[in-house]
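Below is protein.pdb, which holds PDB, C-alpha atoms.
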```pdb
ATOM      1  CA  MET A   1     -46.351  16.221   3.565
ATOM      2  CA  ALA A   2     -42.739  15.561   2.593
ATOM      3  CA  PRO A   3     -43.464  15.412  -1.173
ATOM      4  CA  VAL A   4     -45.287  18.756  -0.955
ATOM      5  CA  LEU A   5     -42.296  20.366   0.736
ATOM      6  CA  ILE A   6     -39.914  18.803  -1.759
ATOM      7  CA  SER A   7     -41.977  19.988  -4.730
ATOM      8  CA  GLN A   8     -42.049  23.527  -3.325
ATOM      9  CA  ALA A   9     -38.304  23.438  -2.831
ATOM     10  CA  VAL A  10     -37.436  22.164  -6.319
ATOM     11  CA  PHE A  11     -40.136  23.981  -8.323
ATOM     12  CA  PRO A  12     -38.027  27.106  -9.077
ATOM     13  CA  ARG A  13     -35.099  25.036 -10.381
ATOM     14  CA  ALA A  14     -37.421  22.717 -12.306
ATOM     15  CA  SER A  15     -39.113  25.684 -14.000
ATOM     16  CA  ILE A  16     -35.821  27.181 -15.106
ATOM     17  CA  LEU A  17     -34.587  23.859 -16.449
ATOM     18  CA  TYR A  18     -37.840  23.132 -18.288
ATOM     19  CA  TYR A  19     -37.686  26.362 -20.250
ATOM     20  CA  GLU A  20     -33.905  26.686 -20.661
ATOM     21  CA  GLU A  21     -32.406  23.173 -20.666
ATOM     22  CA  ASN A  22     -35.210  20.749 -21.371
ATOM     23  CA  ARG A  23     -33.109  17.558 -21.308
ATOM     24  CA  LYS A  24     -31.640  18.466 -17.926
ATOM     25  CA  PHE A  25     -35.166  19.081 -16.638
ATOM     26  CA  PHE A  26     -36.123  15.432 -17.103
ATOM     27  CA  SER A  27     -32.897  14.195 -15.551
ATOM     28  CA  PHE A  28     -33.353  16.555 -12.608
ATOM     29  CA  LEU A  29     -36.983  15.507 -12.179
ATOM     30  CA  ALA A  30     -36.026  11.816 -12.253
ATOM     31  CA  LYS A  31     -33.346  12.359  -9.600
ATOM     32  CA  VAL A  32     -35.795  14.250  -7.364
ATOM     33  CA  GLU A  33     -38.416  11.519  -7.830
ATOM     34  CA  LEU A  34     -35.958   8.746  -6.960
ATOM     35  CA  ALA A  35     -34.652  10.636  -3.929
ATOM     36  CA  THR A  36     -38.210  11.240  -2.728
ATOM     37  CA  LEU A  37     -39.075   7.565  -3.098
ATOM     38  CA  ALA A  38     -35.882   6.599  -1.268
ATOM     39  CA  ILE A  39     -36.826   8.919   1.598
ATOM     40  CA  GLY A  40     -40.282   7.320   1.607
ATOM     41  CA  VAL A  41     -38.751   3.854   1.947
ATOM     42  CA  LEU A  42     -36.531   5.045   4.809
ATOM     43  CA  ILE A  43     -39.566   6.508   6.589
ATOM     44  CA  ILE A  44     -41.424   3.208   6.214
ATOM     45  CA  VAL A  45     -38.520   1.179   7.585
ATOM     46  CA  PHE A  46     -38.008   3.559  10.511
ATOM     47  CA  ILE A  47     -41.681   3.684  11.482
ATOM     48  CA  GLN A  48     -42.197  -0.069  11.079
ATOM     49  CA  ILE A  49     -39.368  -0.599  13.570
ATOM     50  CA  ALA A  50     -40.049   2.328  15.906
ATOM     51  CA  ALA A  51     -43.883   2.455  15.913
ATOM     52  CA  PRO A  52     -44.326   0.828  19.352
ATOM     53  CA  PHE A  53     -41.744   3.172  20.867
ATOM     54  CA  ILE A  54     -43.277   6.259  19.183
ATOM     55  CA  ILE A  55     -46.769   5.412  20.440
ATOM     56  CA  THR A  56     -45.501   4.633  23.943
ATOM     57  CA  LEU A  57     -43.569   7.908  23.974
ATOM     58  CA  LEU A  58     -46.588   9.940  22.875
ATOM     59  CA  ALA A  59     -49.380   8.073  24.696
ATOM     60  CA  GLY A  60     -47.508   6.902  27.767
ATOM     61  CA  GLU A  61     -48.512   3.311  27.058
ATOM     62  CA  ASN A  62     -48.372   0.818  24.208
ATOM     63  CA  LEU A  63     -51.681   1.036  22.337
ATOM     64  CA  GLU A  64     -51.758  -1.814  19.812
ATOM     65  CA  ASN A  65     -54.394  -0.197  17.568
ATOM     66  CA  ALA A  66     -52.431   3.051  17.433
ATOM     67  CA  VAL A  67     -49.261   1.117  16.546
ATOM     68  CA  LEU A  68     -51.140  -0.654  13.744
ATOM     69  CA  PHE A  69     -52.539   2.639  12.395
ATOM     70  CA  LEU A  70     -49.105   4.247  12.479
ATOM     71  CA  LYS A  71     -47.543   1.295  10.660
ATOM     72  CA  ILE A  72     -50.205   1.427   7.941
ATOM     73  CA  LEU A  73     -49.949   5.207   7.580
ATOM     74  CA  SER A  74     -46.159   5.009   7.296
ATOM     75  CA  PHE A  75     -46.685   4.107   3.622
ATOM     76  CA  ILE A  76     -48.267   7.483   2.777
ATOM     77  CA  PRO A  77     -44.990   9.381   2.138
ATOM     78  CA  LEU A  78     -43.892   6.692  -0.330
ATOM     79  CA  VAL A  79     -47.153   6.442  -2.278
ATOM     80  CA  SER A  80     -47.649  10.219  -2.309
ATOM     81  CA  GLY A  81     -44.074  10.548  -3.553
ATOM     82  CA  LEU A  82     -45.056   8.554  -6.634
ATOM     83  CA  ASN A  83     -46.917  11.599  -7.915
ATOM     84  CA  LEU A  84     -44.179  14.173  -7.318
ATOM     85  CA  GLY A  85     -42.917  14.131 -10.911
ATOM     86  CA  ASN A  86     -46.437  14.436 -12.297
ATOM     87  CA  MET A  87     -47.236  17.375 -10.032
ATOM     88  CA  LEU A  88     -44.047  19.200 -10.977
ATOM     89  CA  ILE A  89     -44.833  18.687 -14.664
ATOM     90  CA  ILE A  90     -48.344  20.053 -14.061
ATOM     91  CA  LEU A  91     -46.952  23.106 -12.266
ATOM     92  CA  VAL A  92     -44.112  23.809 -14.690
ATOM     93  CA  THR A  93     -46.296  23.404 -17.784
ATOM     94  CA  GLU A  94     -49.213  25.257 -16.165
ATOM     95  CA  GLN A  95     -51.732  22.466 -16.698
ATOM     96  CA  LYS A  96     -54.393  23.980 -14.439
ATOM     97  CA  LYS A  97     -57.212  22.026 -16.052
ATOM     98  CA  VAL A  98     -55.442  18.715 -15.399
ATOM     99  CA  LEU A  99     -54.915  19.727 -11.776
ATOM    100  CA  PHE A 100     -58.557  20.783 -11.416
ATOM    101  CA  ASN A 101     -59.956  17.618 -13.013
ATOM    102  CA  SER A 102     -57.689  15.258 -11.111
ATOM    103  CA  THR A 103     -58.563  17.000  -7.846
ATOM    104  CA  TRP A 104     -62.277  16.409  -8.419
ATOM    105  CA  VAL A 105     -61.790  12.762  -9.334
ATOM    106  CA  PHE A 106     -59.664  11.869  -6.352
ATOM    107  CA  SER A 107     -61.773  13.955  -3.965
ATOM    108  CA  VAL A 108     -64.854  11.953  -4.916
ATOM    109  CA  TYR A 109     -62.852   8.735  -4.642
ATOM    110  CA  MET A 110     -61.463   9.720  -1.246
ATOM    111  CA  LEU A 111     -64.868  10.562   0.180
ATOM    112  CA  THR A 112     -66.387   7.339  -1.128
ATOM    113  CA  ALA A 113     -63.505   5.080  -0.107
ATOM    114  CA  SER A 114     -63.235   6.712   3.321
ATOM    115  CA  LEU A 115     -66.933   6.279   4.048
ATOM    116  CA  VAL A 116     -67.134   2.704   2.786
ATOM    117  CA  LEU A 117     -63.868   1.435   4.277
ATOM    118  CA  THR A 118     -64.325   3.211   7.606
ATOM    119  CA  GLN A 119     -67.816   1.796   7.933
ATOM    120  CA  ALA A 120     -66.558  -1.699   7.151
ATOM    121  CA  TYR A 121     -63.181  -1.731   8.944
ATOM    122  CA  GLY A 122     -63.063   1.246  11.289
ATOM    123  CA  GLY A 123     -59.762   3.065  11.702
ATOM    124  CA  VAL A 124     -57.845   0.505   9.658
ATOM    125  CA  GLY A 125     -60.275   1.070   6.798
ATOM    126  CA  LEU A 126     -59.715   4.806   6.968
ATOM    127  CA  ALA A 127     -55.939   4.319   6.890
ATOM    128  CA  VAL A 128     -56.251   2.030   3.873
ATOM    129  CA  ALA A 129     -58.574   4.554   2.193
ATOM    130  CA  LEU A 130     -55.942   7.266   2.615
ATOM    131  CA  ILE A 131     -53.228   5.109   1.078
ATOM    132  CA  SER A 132     -55.452   3.953  -1.774
ATOM    133  CA  THR A 133     -56.383   7.585  -2.436
ATOM    134  CA  GLU A 134     -52.716   8.433  -2.966
ATOM    135  CA  ILE A 135     -52.455   5.567  -5.456
ATOM    136  CA  ILE A 136     -55.600   6.761  -7.267
ATOM    137  CA  ILE A 137     -54.182  10.300  -7.338
ATOM    138  CA  PHE A 138     -51.057   8.977  -9.063
ATOM    139  CA  ILE A 139     -53.005   6.920 -11.615
ATOM    140  CA  VAL A 140     -55.562   9.630 -12.448
ATOM    141  CA  THR A 141     -52.956  12.387 -12.660
ATOM    142  CA  THR A 142     -50.751  10.266 -14.909
ATOM    143  CA  ILE A 143     -53.640   9.456 -17.247
ATOM    144  CA  LEU A 144     -54.915  13.053 -17.456
ATOM    145  CA  LEU A 145     -51.439  14.513 -17.831
ATOM    146  CA  ASN A 146     -50.556  11.966 -20.499
ATOM    147  CA  ARG A 147     -53.621  13.058 -22.505
ATOM    148  CA  LYS A 148     -52.481  16.707 -22.466
ATOM    149  CA  LYS A 149     -48.686  16.371 -22.540
ATOM    150  CA  PRO A 150     -47.844  12.856 -23.802
ATOM    151  CA  SER A 151     -44.349  13.774 -24.944
ATOM    152  CA  THR A 152     -43.482  15.403 -21.623
ATOM    153  CA  VAL A 153     -44.807  12.459 -19.612
ATOM    154  CA  SER A 154     -42.978   9.894 -21.746
ATOM    155  CA  GLN A 155     -39.712  11.848 -21.532
ATOM    156  CA  PHE A 156     -40.030  11.992 -17.749
ATOM    157  CA  TYR A 157     -40.671   8.258 -17.354
ATOM    158  CA  ARG A 158     -37.935   7.470 -19.873
ATOM    159  CA  ALA A 159     -35.502   9.523 -17.757
ATOM    160  CA  LEU A 160     -36.806   7.922 -14.563
ATOM    161  CA  PHE A 161     -36.322   4.366 -15.785
ATOM    162  CA  SER A 162     -33.241   4.824 -17.952
ATOM    163  CA  SER A 163     -29.829   3.692 -16.773
ATOM    164  CA  HIS A 164     -28.121   6.876 -17.915
ATOM    165  CA  SER A 165     -28.577  10.498 -17.040
ATOM    166  CA  TYR A 166     -29.048  13.376 -19.469
ATOM    167  CA  SER A 167     -27.072  15.827 -17.351
TER     168      SER A 167
END
```
Target encoding structure tokens, full file:
Amino acid sequence: MAPVLISQAVFPRASILYYEENRKFFSFLAKVELATLAIGVLIIVFIQIAAPFIITLLAGENLENAVLFLKILSFIPLVSGLNLGNMLIILVTEQKKVLFNSTWVFSVYMLTASLVLTQAYGGVGLAVALISTEIIIFIVTTILLNRKKPSTVSQFYRALFSSHSYS
């Protein structure tokens, strides 16, 4: 949920930068991506520590399975944040076909993984399926976007992993 809110908040600025100051766009996108991932790590650390308290507060008792599920699901903001840069590139460059195709691929994956893993491992399997779906979303979106906009994708990852900023 957090990456969706962040992408909605930064989309107007990202669009302006993409069309007016292209180099600053990639620097801006890299900074947003890194901040989102940092927030994801903080969420994981907080929930890993506070999960028993959160479940006790909400349920009135310490439910070990619920604590385990919450701890597993705490990784979702981080892994979904991996795809924030890709999604902003898709939106800014209006790559509707990439968005459509990636949505179909990961929807089929999610349904399959959820059914198989839930059947095999119950609630833990479902939690793992959700996390693995976010990873598949990142991989598929990166591959499809790289086929359509290779220069844009490489500039983004160069800015993300470079030690200097373009701004």
Legend entry - Of the listed residues A:Asn101, A:Thr93, A:Ser107, A:Ser162, that which approaches A:Ala30 most closely, counting only C-alpha atoms: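 When distances to A:Ala30 are compared using only C-alpha atoms, the smallest one comes from A:Ser162.
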To box stretch 68-86 of chain A, take all atoms listed in the file, fit an axis-aligned box, add 4 Å on each side, and give centre and edge lengths in Å to one decimal, as lines of an AutoDock Vina configuration file.
```
center_x = -47.7
center_y = 6.9
center_z = 0.7
size_x = 17.6
size_y = 23.1
size_z = 34.0
```
Legend entry - Result set of the PyMOL selection byres ((chain A and resi 139) around 12) on the coordinates above, as a PyMOL selection string: chain A and resi 79-80+82-83+86+102+105-106+132-138+140-146
Inset, instruction - Decode the PyMOL selection byres ((chain A and resi 45-47) around 10) for the given file into explicit residues and return them as a PyMOL selection string. - result: chain A and resi 39-44+48-54+67+70-75
Legend entry - Atomic distance atom CA of A:Gly81 - atom CA of A:Ser114, expressed in Å with one decimal: 20.7 Å
Inset, instruction - Measure the distance from atom CA of A:Thr56 to atom CA of A:Ile76 in Å and round it to one decimal. - result: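 Separation of atom CA of A:Thr56 and atom CA of A:Ile76: 21.5 Å.
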Inset, instruction - Around the point (-47.8, 24.1, -16.6), in the coordinates given by the file, pick out the residues reaching within 12 Å, counting only C-alpha atoms, and return them as a VMD selection string. - result: chain A and resid 11 14 to 15 18 to 19 86 to 99 145 148 to 149 152
Legend entry - Among listed residues A:Arg13, A:Phe26, A:Ser151, A:Phe69, nearest A:Gly125 (using all atoms listed in the file):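 Looking at the shortest contact to A:Gly125, the residue is A:Phe69.
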Legend entry - Selected residue, from A:Leu58, A:Val108, A:Leu160, A:Leu68, that lies nearest to A:Gly123 when counting all atoms listed in the file: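 Going through A:Leu58, A:Val108, A:Leu160, A:Leu68 one by one, the smallest distance to A:Gly123 is for A:Leu68.
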Legend entry - Interatomic distance (Å, one decimal) between atom CA of A:Ile131 and atom CA of A:Thr118: 13.0 Å
Inset, instruction - Find the spatial neighbours of A:Ala159, counting all atoms listed in the file, within a cut-off of 10 Å - ignore same-chain residues fewer than 6 positions away - and output them as a PyMOL selection string. - result: chain A and resi 23-31+153+165-166
Legend entry - Minimum-distance residue to A:Ala66, chosen among A:Ala35, A:Val124, A:Ala9, A:Ala129 (using all atoms listed in the file):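 When distances to A:Ala66 are compared using all atoms listed in the file, the smallest one comes from A:Val124.
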